file query.txt (compact mmCIF, C-alpha atoms and all ligand atoms)
# COMPACT_ATOMS: atom_id res chain seq x y z
CA MET U 1 -29.78 -25.40 10.54
CA SER U 2 -26.76 -26.59 12.50
CA LYS U 3 -26.91 -27.08 16.25
CA PRO U 4 -26.06 -23.90 18.13
CA GLN U 5 -22.53 -24.13 19.54
CA ARG U 6 -21.95 -23.52 23.21
CA GLY U 7 -20.80 -20.00 23.79
CA ARG U 8 -22.15 -18.77 20.45
CA THR U 9 -25.25 -16.76 19.71
CA SER U 10 -27.34 -18.38 17.04
CA VAL U 11 -30.00 -16.72 14.94
CA SER U 12 -32.94 -18.36 13.20
CA LEU U 13 -35.46 -16.84 10.85
CA ASP U 14 -39.10 -17.85 10.64
CA ASP U 15 -42.40 -16.20 9.69
CA GLU U 16 -42.40 -14.06 12.80
CA GLY U 17 -38.93 -12.63 12.22
CA VAL U 18 -35.53 -13.11 13.85
CA HIS U 19 -35.09 -15.35 16.87
CA TRP U 20 -32.01 -15.12 19.04
CA ASP U 21 -30.83 -18.08 21.02
CA GLN U 22 -29.87 -16.23 24.17
CA GLU U 23 -27.19 -18.68 25.28
CA MET U 24 -24.76 -15.80 25.13
CA SER U 25 -25.66 -12.23 24.24
CA TYR U 26 -23.73 -9.27 22.85
CA GLY U 27 -23.56 -7.67 26.27
CA GLN U 28 -22.36 -10.84 27.99
CA TYR U 29 -19.65 -11.51 25.42
CA LEU U 30 -18.36 -7.94 25.77
CA SER U 31 -18.82 -7.73 29.56
CA LEU U 32 -20.74 -4.54 28.95
CA GLU U 33 -22.37 -4.36 32.36
CA PRO U 34 -19.09 -4.20 34.28
CA LEU U 35 -17.49 -2.06 31.53
CA LEU U 36 -20.28 0.52 31.58
CA ALA U 37 -20.36 0.55 35.37
CA CYS U 38 -16.78 1.84 35.44
CA GLN U 39 -17.49 5.53 34.86
CA SER U 40 -17.72 7.09 38.31
CA PRO U 41 -17.44 10.88 38.29
CA LEU U 42 -16.48 12.40 41.63
CA THR U 43 -18.44 15.60 41.02
CA ASP U 44 -21.74 16.57 39.39
CA GLU U 45 -19.89 18.52 36.72
CA HIS U 46 -21.20 17.68 33.24
CA ASP U 47 -17.72 17.48 31.67
CA GLU U 48 -16.15 15.05 34.11
CA MET U 49 -17.77 12.15 32.20
CA LEU U 50 -15.86 13.08 29.05
CA PHE U 51 -12.62 13.27 31.02
CA ILE U 52 -13.14 9.76 32.38
CA VAL U 53 -14.28 8.23 29.09
CA ILE U 54 -11.40 9.63 27.09
CA HIS U 55 -8.89 8.20 29.55
CA GLN U 56 -10.60 4.83 29.57
CA VAL U 57 -10.70 4.70 25.78
CA SER U 58 -6.99 5.60 25.69
CA GLU U 59 -6.16 2.87 28.22
CA LEU U 60 -8.08 0.29 26.16
CA TRP U 61 -6.14 1.29 23.05
CA LEU U 62 -2.89 1.14 25.05
CA LYS U 63 -3.84 -2.40 26.06
CA GLN U 64 -4.28 -3.34 22.40
CA CYS U 65 -1.00 -1.61 21.42
CA LEU U 66 0.86 -3.59 24.09
CA HIS U 67 -0.76 -6.80 22.87
CA GLU U 68 0.38 -6.09 19.30
CA ALA U 69 3.82 -4.68 20.08
CA HIS U 70 4.82 -7.53 22.45
CA ALA U 71 3.73 -10.06 19.83
CA ALA U 72 5.55 -8.14 17.08
CA ALA U 73 8.78 -8.22 19.13
CA ALA U 74 8.40 -11.98 19.69
CA HIS U 75 7.95 -12.54 15.95
CA ILE U 76 11.01 -10.43 15.12
CA ALA U 77 13.05 -12.40 17.67
CA ALA U 78 11.94 -15.55 15.80
CA ASP U 79 12.84 -14.05 12.38
CA GLN U 80 9.19 -13.88 11.33
CA LEU U 81 8.92 -10.38 9.93
CA ARG U 82 5.67 -10.54 7.97
CA PRO U 83 3.35 -11.11 10.95
CA ALA U 84 5.33 -8.45 12.85
CA PHE U 85 4.68 -5.94 10.03
CA LYS U 86 0.97 -6.66 10.19
CA MET U 87 0.95 -6.01 13.93
CA LEU U 88 3.00 -2.82 13.71
CA THR U 89 0.69 -1.53 10.98
CA ARG U 90 -2.22 -2.11 13.34
CA VAL U 91 -0.37 -0.23 16.10
CA ALA U 92 -0.03 2.73 13.73
CA ARG U 93 -3.77 2.74 12.96
CA ILE U 94 -4.55 2.64 16.71
CA GLN U 95 -2.12 5.48 17.34
CA GLU U 96 -4.03 7.55 14.78
CA GLN U 97 -7.20 6.99 16.82
CA MET U 98 -5.40 8.00 20.02
CA ILE U 99 -4.08 11.17 18.37
CA GLN U 100 -7.53 12.02 17.02
CA ALA U 101 -9.01 11.63 20.52
CA TRP U 102 -7.32 14.90 21.57
CA GLU U 103 -9.74 16.76 19.29
CA VAL U 104 -12.64 15.54 21.44
CA LEU U 105 -10.90 16.53 24.66
CA ALA U 106 -10.06 19.96 23.24
CA THR U 107 -13.78 20.78 23.50
CA LEU U 108 -13.17 20.98 27.27
CA THR U 109 -12.52 24.61 28.14
CA PRO U 110 -10.16 25.75 30.92
CA ALA U 111 -13.20 26.81 32.98
CA ASP U 112 -14.94 23.45 32.46
CA TYR U 113 -11.86 21.55 33.65
CA ALA U 114 -11.19 23.89 36.57
CA ARG U 115 -14.61 22.95 37.97
CA PHE U 116 -13.49 19.38 38.74
CA ARG U 117 -9.67 19.47 38.61
CA ASP U 118 -9.29 19.81 42.38
CA SER U 119 -11.19 16.57 42.91
CA LEU U 120 -8.44 14.67 41.03
CA GLY U 121 -6.03 15.22 43.93
CA GLN U 122 -2.50 14.14 43.05
CA SER U 123 -3.57 11.55 40.49
CA SER U 124 -2.08 11.99 37.02
CA GLY U 125 -1.46 10.26 33.70
CA PHE U 126 2.11 10.05 34.98
CA GLN U 127 0.87 6.99 36.90
CA SER U 128 -0.40 5.17 33.78
CA TYR U 129 1.38 1.83 34.04
CA GLN U 130 0.30 0.77 30.55
CA TYR U 131 1.74 3.96 29.04
CA ARG U 132 5.01 3.37 30.90
CA GLU U 133 5.10 -0.26 29.77
CA LEU U 134 4.69 0.84 26.14
CA GLU U 135 7.52 3.37 26.52
CA PHE U 136 9.78 0.68 28.01
CA LEU U 137 8.78 -1.86 25.38
CA LEU U 138 9.57 0.54 22.53
CA GLY U 139 12.91 1.40 24.13
CA ASN U 140 12.59 4.46 26.36
CA LYS U 141 14.04 2.81 29.50
CA HIS U 142 13.93 4.90 32.66
CA PRO U 143 14.43 2.79 35.83
CA ALA U 144 13.33 5.55 38.24
CA LEU U 145 9.85 5.71 36.72
CA VAL U 146 9.04 2.22 38.02
CA GLU U 147 9.15 3.56 41.59
CA VAL U 148 5.82 5.38 41.17
CA HIS U 149 4.25 1.88 41.10
CA ARG U 150 5.83 0.52 44.31
CA GLY U 151 2.47 0.53 46.02
CA HIS U 152 0.99 -1.90 43.49
CA PRO U 153 3.07 -5.14 43.47
CA GLU U 154 1.56 -6.59 40.28
CA HIS U 155 2.16 -3.41 38.23
CA TYR U 156 5.62 -3.02 39.79
CA ARG U 157 6.55 -6.61 38.87
CA ARG U 158 5.25 -6.28 35.33
CA LEU U 159 7.01 -2.96 34.69
CA THR U 160 10.27 -4.27 36.17
CA GLU U 161 10.04 -7.30 33.90
CA VAL U 162 9.60 -5.17 30.76
CA LEU U 163 12.29 -2.71 31.94
CA GLN U 164 14.80 -5.55 32.28
CA ALA U 165 13.96 -7.26 28.99
CA PRO U 166 15.25 -6.26 25.53
CA SER U 167 13.06 -3.57 23.96
CA LEU U 168 11.48 -3.84 20.51
CA TYR U 169 14.46 -1.86 19.19
CA ASP U 170 17.02 -4.10 20.96
CA THR U 171 15.25 -7.06 19.33
CA CYS U 172 15.54 -5.42 15.89
CA LEU U 173 19.25 -4.71 16.39
CA ARG U 174 19.85 -8.36 17.30
CA LEU U 175 18.09 -9.27 14.05
CA LEU U 176 20.51 -6.96 12.15
CA ALA U 177 23.40 -8.86 13.78
CA ARG U 178 21.91 -12.21 12.69
CA ARG U 179 21.74 -10.82 9.17
CA GLY U 180 25.47 -10.23 9.19
CA PHE U 181 25.82 -6.59 10.27
CA ALA U 182 28.78 -6.14 12.62
CA LEU U 183 27.38 -4.46 15.72
CA PRO U 184 29.30 -3.88 18.96
CA ASP U 185 28.75 -6.12 21.95
CA ALA U 186 27.73 -3.06 23.94
CA VAL U 187 24.65 -2.91 21.68
CA LEU U 188 23.88 -6.62 21.49
CA ASN U 189 24.45 -7.64 25.11
CA ARG U 190 23.88 -4.63 27.28
CA ASP U 191 22.07 -4.03 30.55
CA TRP U 192 18.60 -3.81 28.98
CA SER U 193 17.22 -1.74 31.85
CA GLU U 194 19.52 1.19 31.01
CA PRO U 195 18.60 3.88 28.45
CA TYR U 196 19.82 2.96 24.97
CA ALA U 197 22.81 4.97 23.71
CA ALA U 198 23.05 5.62 19.95
CA SER U 199 25.88 3.83 18.14
CA PRO U 200 27.69 4.77 14.88
CA GLU U 201 27.79 1.09 13.83
CA VAL U 202 24.00 0.84 14.13
CA GLU U 203 23.61 4.01 12.05
CA SER U 204 25.90 2.52 9.39
CA ALA U 205 23.87 -0.69 9.36
CA TRP U 206 20.63 1.24 8.75
CA ALA U 207 22.42 3.34 6.08
CA GLU U 208 23.29 0.11 4.26
CA VAL U 209 19.70 -1.17 4.58
CA TYR U 210 18.30 2.06 3.10
CA GLY U 211 21.05 2.31 0.48
CA ASP U 212 20.58 -1.20 -0.87
CA THR U 213 16.91 -2.02 -0.42
CA GLU U 214 17.10 -4.70 -3.11
CA HIS U 215 19.17 -6.88 -0.79
CA HIS U 216 17.45 -5.82 2.44
CA TRP U 217 13.85 -5.38 1.41
CA ASP U 218 12.37 -6.75 4.65
CA LEU U 219 14.81 -4.86 6.89
CA TYR U 220 13.95 -1.67 5.03
CA GLU U 221 10.27 -2.34 5.66
CA LEU U 222 10.99 -3.03 9.33
CA ALA U 223 12.89 0.26 9.61
CA GLU U 224 9.96 2.15 8.11
CA LYS U 225 7.47 0.45 10.48
CA LEU U 226 9.61 1.58 13.42
CA VAL U 227 9.80 5.12 12.07
CA ASP U 228 6.00 5.14 11.68
CA THR U 229 5.56 4.01 15.29
CA GLU U 230 7.84 6.69 16.68
CA TYR U 231 6.41 9.36 14.37
CA HIS U 232 2.91 8.64 15.69
CA PHE U 233 4.10 8.42 19.29
CA GLN U 234 5.62 11.88 18.95
CA GLN U 235 2.41 13.22 17.45
CA TRP U 236 0.51 11.85 20.45
CA ARG U 237 2.99 13.48 22.86
CA PHE U 238 2.81 16.80 20.99
CA SER U 239 -1.01 16.83 20.95
CA HIS U 240 -1.08 15.96 24.66
CA MET U 241 1.26 18.85 25.41
CA LYS U 242 -0.68 21.39 23.31
CA THR U 243 -4.07 20.21 24.62
CA VAL U 244 -2.75 20.49 28.18
CA GLU U 245 -1.43 24.00 27.44
CA ARG U 246 -4.81 24.92 26.01
CA ILE U 247 -6.65 23.65 29.10
CA ILE U 248 -4.36 24.48 32.06
CA GLY U 249 -1.75 26.84 30.56
CA HIS U 250 1.50 26.65 32.52
CA LYS U 251 0.09 25.53 35.87
CA PRO U 252 2.09 22.74 37.55
CA GLY U 253 0.71 19.23 37.02
CA THR U 254 -1.24 17.28 39.62
CA GLY U 255 1.47 14.61 39.39
CA GLY U 256 4.08 17.01 40.77
CA THR U 257 5.85 18.00 37.55
CA SER U 258 6.15 21.48 36.02
CA GLY U 259 3.28 20.55 33.64
CA VAL U 260 3.68 21.68 30.02
CA GLY U 261 7.46 22.12 30.56
CA TYR U 262 7.76 18.45 31.53
CA LEU U 263 5.66 17.32 28.57
CA ALA U 264 7.76 19.45 26.18
CA LYS U 265 10.93 17.83 27.54
CA ALA U 266 9.48 14.35 26.90
CA LEU U 267 9.28 15.30 23.21
CA GLU U 268 13.09 15.25 23.08
CA LEU U 269 13.15 11.52 23.83
CA THR U 270 13.65 9.20 20.89
CA PHE U 271 13.15 5.43 20.75
CA PHE U 272 15.14 4.66 17.61
CA PRO U 273 17.85 7.36 17.43
CA GLU U 274 19.85 6.00 14.48
CA LEU U 275 16.75 5.66 12.32
CA TRP U 276 16.45 9.45 12.55
CA SER U 277 20.15 10.38 12.42
CA VAL U 278 20.74 8.17 9.38
CA ARG U 279 18.49 10.46 7.35
CA THR U 280 20.95 13.31 7.68
CA ARG U 281 23.70 11.29 6.07
CA MET U 282 21.65 9.84 3.21
C1 LIG X 1 -7.40 17.85 30.68
C2 LIG X 1 -6.67 16.85 30.22
C3 LIG X 1 -5.26 16.56 30.63
C4 LIG X 1 -4.39 17.34 31.35
C5 LIG X 1 -4.60 18.74 31.90
C6 LIG X 1 -3.18 16.57 31.50
C7 LIG X 1 -2.05 17.03 32.14
C8 LIG X 1 -0.91 16.30 32.31
C9 LIG X 1 0.27 16.78 32.99
C10 LIG X 1 0.44 18.18 33.57
C11 LIG X 1 1.17 15.78 32.99
C12 LIG X 1 2.56 15.80 33.65
C13 LIG X 1 2.55 15.01 34.91
C14 LIG X 1 1.89 15.77 36.05
O1 LIG X 1 2.57 16.55 36.73
O2 LIG X 1 0.68 15.59 36.26
C15 LIG X 1 0.58 14.65 32.32
C16 LIG X 1 1.19 13.44 32.13
C17 LIG X 1 0.61 12.39 31.45
N1 LIG X 1 -0.66 12.34 30.94
FE1 LIG X 1 -1.97 13.84 30.87
N2 LIG X 1 -3.32 15.38 30.87
C18 LIG X 1 -4.58 15.32 30.34
C19 LIG X 1 -5.14 14.27 29.65
C20 LIG X 1 -4.53 13.06 29.43
C21 LIG X 1 -5.12 11.97 28.71
C22 LIG X 1 -6.49 11.96 28.01
C23 LIG X 1 -4.24 10.95 28.73
C24 LIG X 1 -4.47 9.63 28.08
C25 LIG X 1 -4.20 8.50 28.66
C26 LIG X 1 -3.08 11.40 29.47
C27 LIG X 1 -1.96 10.66 29.74
C28 LIG X 1 -0.84 11.12 30.35
C29 LIG X 1 0.37 10.35 30.49
C30 LIG X 1 0.62 8.94 29.99
C31 LIG X 1 1.29 11.15 31.17
C32 LIG X 1 2.75 10.80 31.51
C33 LIG X 1 3.64 11.31 30.39
C34 LIG X 1 5.12 11.06 30.59
O3 LIG X 1 5.56 10.73 31.71
O4 LIG X 1 5.87 11.23 29.61
N3 LIG X 1 -3.29 12.69 29.86
N4 LIG X 1 -0.68 15.01 31.89
N1 LIG X 2 -2.14 15.97 35.36
C1 LIG X 2 -3.43 16.60 35.17
C2 LIG X 2 -4.50 15.75 35.79
C3 LIG X 2 -4.80 14.71 34.83
O1 LIG X 2 -4.72 14.98 33.68
C4 LIG X 2 -5.25 13.40 35.24
C5 LIG X 2 -5.74 13.19 36.51
C6 LIG X 2 -6.26 11.95 36.85
C7 LIG X 2 -6.28 10.95 35.92
C8 LIG X 2 -5.77 11.18 34.65
C9 LIG X 2 -5.25 12.42 34.31
N2 LIG X 2 -4.78 12.58 33.04
C10 LIG X 2 -3.59 12.81 32.52
O2 LIG X 2 -2.59 13.25 33.05
C11 LIG X 2 -3.43 18.00 35.71
O3 LIG X 2 -2.40 18.47 36.15
O4 LIG X 2 -4.48 18.64 35.64
call {"tool": "encode", "arguments": {"input": "query.txt", "output": "structure tokens"}}
result
Amino acid sequence: MSKPQRGRTSVSLDDEGVHWDQEMSYGQYLSLEPLLACQSPLTDEHDEMLFIVIHQVSELWLKQCLHEAHAAAAHIAADQLRPAFKMLTRVARIQEQMIQAWEVLATLTPADYARFRDSLGQSSGFQSYQYRELEFLLGNKHPALVEVHRGHPEHYRRLTEVLQAPSLYDTCLRLLARRGFALPDAVLNRDWSEPYAASPEVESAWAEVYGDTEHHWDLYELAEKLVDTEYHFQQWRFSHMKTVERIIGHKPGTGGTSGVGYLAKALELTFFPELWSVRTRM
């Protein structure tokens, strides 16, 4: 049997069964003690634990989505589409998990939630800096929403950085230009922190990609990966809105918005407008 490597758990079998070399255990590798010490309900209400866990699970998945989507954008910028496709496919599978998670939360009744809602004060998912980073990264730029994070310099710096950098979509449009599509300068060299405005030239470029897949097989696949990402994102937003309606009706949100009305409005936002509009003309 080979020498156990530092930082690895090794297993040996003898007459008495399995022996674990406890150099590093499952729990140590996964930092389970600190992880499982992070659920701190403020009340004795049975259902507050579910509320905390579901948010923490969502934030972990958001962390993984950011990891994949940032790397996918870097690969696209370097003209390496295959690894980017693999990463965007993984994002889609994670999004399915995040969408499915609403079914667990829907077991929380309005009365259950009302028993601990007041203890949440003014805190709200509106303050999720990872969610906002993902929106910015995909292309929903909204400079004012960084201000919520003024009180936390590291989050503020990070969000400002992603706000001011090209989004995943901007990166894809620059790839289209490198592949010979004539796109306006206002698309290719804009103020990245501003919301993206749809362009007829970009729609025409996607129309050509979809109309002649034989010559643009990889760009077609890229377009479909983007559509998948937005499709899932919208499903998450819709399920959030309906679950919120089911649990608090039309009460205003703790974050100071109108609640369901605000969440319904967010459903009108699109990351990749021409990838949707092009379908009408095909
Ligand atoms: C009982 C469960 C939930 C209720 C009642 C609820 C309610 C709300 C409301 C009313 C808003 C609007 C902002 C405000 O005024 O507070 C909001 C925003 C938000 N919530 Fe939830 N939420 C719930 C669960 C979740 C979960 C599980 C997540 C997962 C991370 C989440 C993530 C978010 C995010 C990211 C926003 C900001 C959306 C945006 O700005 O477009 N929420 N939520
Ligand atoms: N905005 C919610 C409160 C809420 O959902 C929340 C509170 C603290 C931490 C995360 C939350 N989740 C999503 O918005 C409400 O109005 O009831």
call {"tool": "residues_around", "arguments": {"input": "query.txt", "residues": "segment 98-101 of chain U", "least_positions_apart": "6", "cutoff": "10 Å", "atoms": "only C-alpha atoms", "output": "list in words"}}
result
Ile54, His55, Val57, Ser58, Glu59, Trp61, Leu62, Ala92, His232, Phe233, Gln234, Gln235, Trp236, Arg237, Phe238, Ser239 and His240 of chain U
call {"tool": "axis_aligned_box", "arguments": {"input": "query.txt", "around": "ligand LIG 1 (chain X)", "padding_each_side": "6 Å", "output": "JSON"}}
result
{"center_x": -0.8, "center_y": 13.6, "center_z": 32.4, "size_x": 25.3, "size_y": 22.2, "size_z": 20.7}
call {"tool": "residues_around", "arguments": {"input": "query.txt", "residues": "segment 170-175 of chain U", "least_positions_apart": "6", "cutoff": "12 Å", "atoms": "all atoms listed in the file", "output": "MDAnalysis selection string"}}
result
chainID U and resid 69:81 84 136:141 164 181:199 201:203 205:206 218:223 225:226 271:272 274:275
call {"tool": "residues_near_ligand", "arguments": {"input": "query.txt", "ligand": "ligand LIG 1 (chain X)", "cutoff": "8 Å", "atoms": "only C-alpha atoms and all ligand atoms", "output": "PyMOL selection string"}}
result
chain U and resi 51+54-56+58-59+101-102+105+108+113+122-128+131-132+237+240-241+243-245+247-248+251-260+262-263+266
call {"tool": "residues_around", "arguments": {"input": "query.txt", "residues": "Arg158 of chain U", "least_positions_apart": "2", "cutoff": "12 Å", "atoms": "only C-alpha atoms", "output": "PyMOL selection string"}}
result
chain U and resi 129-130+132-134+136-137+146+149-150+152-156+160-165
call {"tool": "closest_residue", "arguments": {"input": "query.txt", "among": "U:Asp112, U:Glu230, U:Glu23, U:Glu214", "to": "ligand LIG 2 (chain X)", "atoms": "only C-alpha atoms and all ligand atoms"}}
result
U:Asp112
call {"tool": "closest_residue", "arguments": {"input": "query.txt", "among": "U:Pro200, U:Pro273, U:Gly151, U:Pro41", "to": "ligand LIG 2 (chain X)", "atoms": "all atoms listed in the file"}}
result
U:Pro41
call {"tool": "closest_residue", "arguments": {"input": "query.txt", "among": "U:Val209, U:Leu120, U:Val91, U:Ala106", "to": "ligand LIG 2 (chain X)", "atoms": "all atoms listed in the file"}}
result
U:Leu120
call {"tool": "atom_distance", "arguments": {"input": "query.txt", "atom1": "atom CA of Lys63 of chain U", "atom2": "atom C7 of ligand LIG 2 (chain X)"}}
result
16.8 Å
call {"tool": "closest_residue", "arguments": {"input": "query.txt", "among": "U:Ser25, U:Ser277, U:Thr213, U:Ser119", "to": "ligand LIG 2 (chain X)", "atoms": "all atoms listed in the file"}}
result
U:Ser119
call {"tool": "atom_distance", "arguments": {"input": "query.txt", "atom1": "atom CA of Thr89 of chain U", "atom2": "atom CA of His216 of chain U"}}
result
19.3 Å
call {"tool": "closest_residue", "arguments": {"input": "query.txt", "among": "U:His46, U:Arg82, U:His250, U:Arg90", "to": "ligand LIG 2 (chain X)", "atoms": "only C-alpha atoms and all ligand atoms"}}
result
U:His250
call {"tool": "atom_distance", "arguments": {"input": "query.txt", "atom1": "atom CA of Val148 of chain U", "atom2": "atom CA of Thr229 of chain U"}}
result
25.9 Å
call {"tool": "closest_residue", "arguments": {"input": "query.txt", "among": "U:Leu267, U:Leu88, U:Ile52, U:Val227", "to": "ligand LIG 2 (chain X)", "atoms": "only C-alpha atoms and all ligand atoms"}}
result
U:Ile52
call {"tool": "residues_around", "arguments": {"input": "query.txt", "residues": "Arg115 of chain U", "least_positions_apart": "3", "cutoff": "10 Å", "atoms": "only C-alpha atoms", "output": "ChimeraX atom specification"}}
result
/U:43-48,110-112,118-119
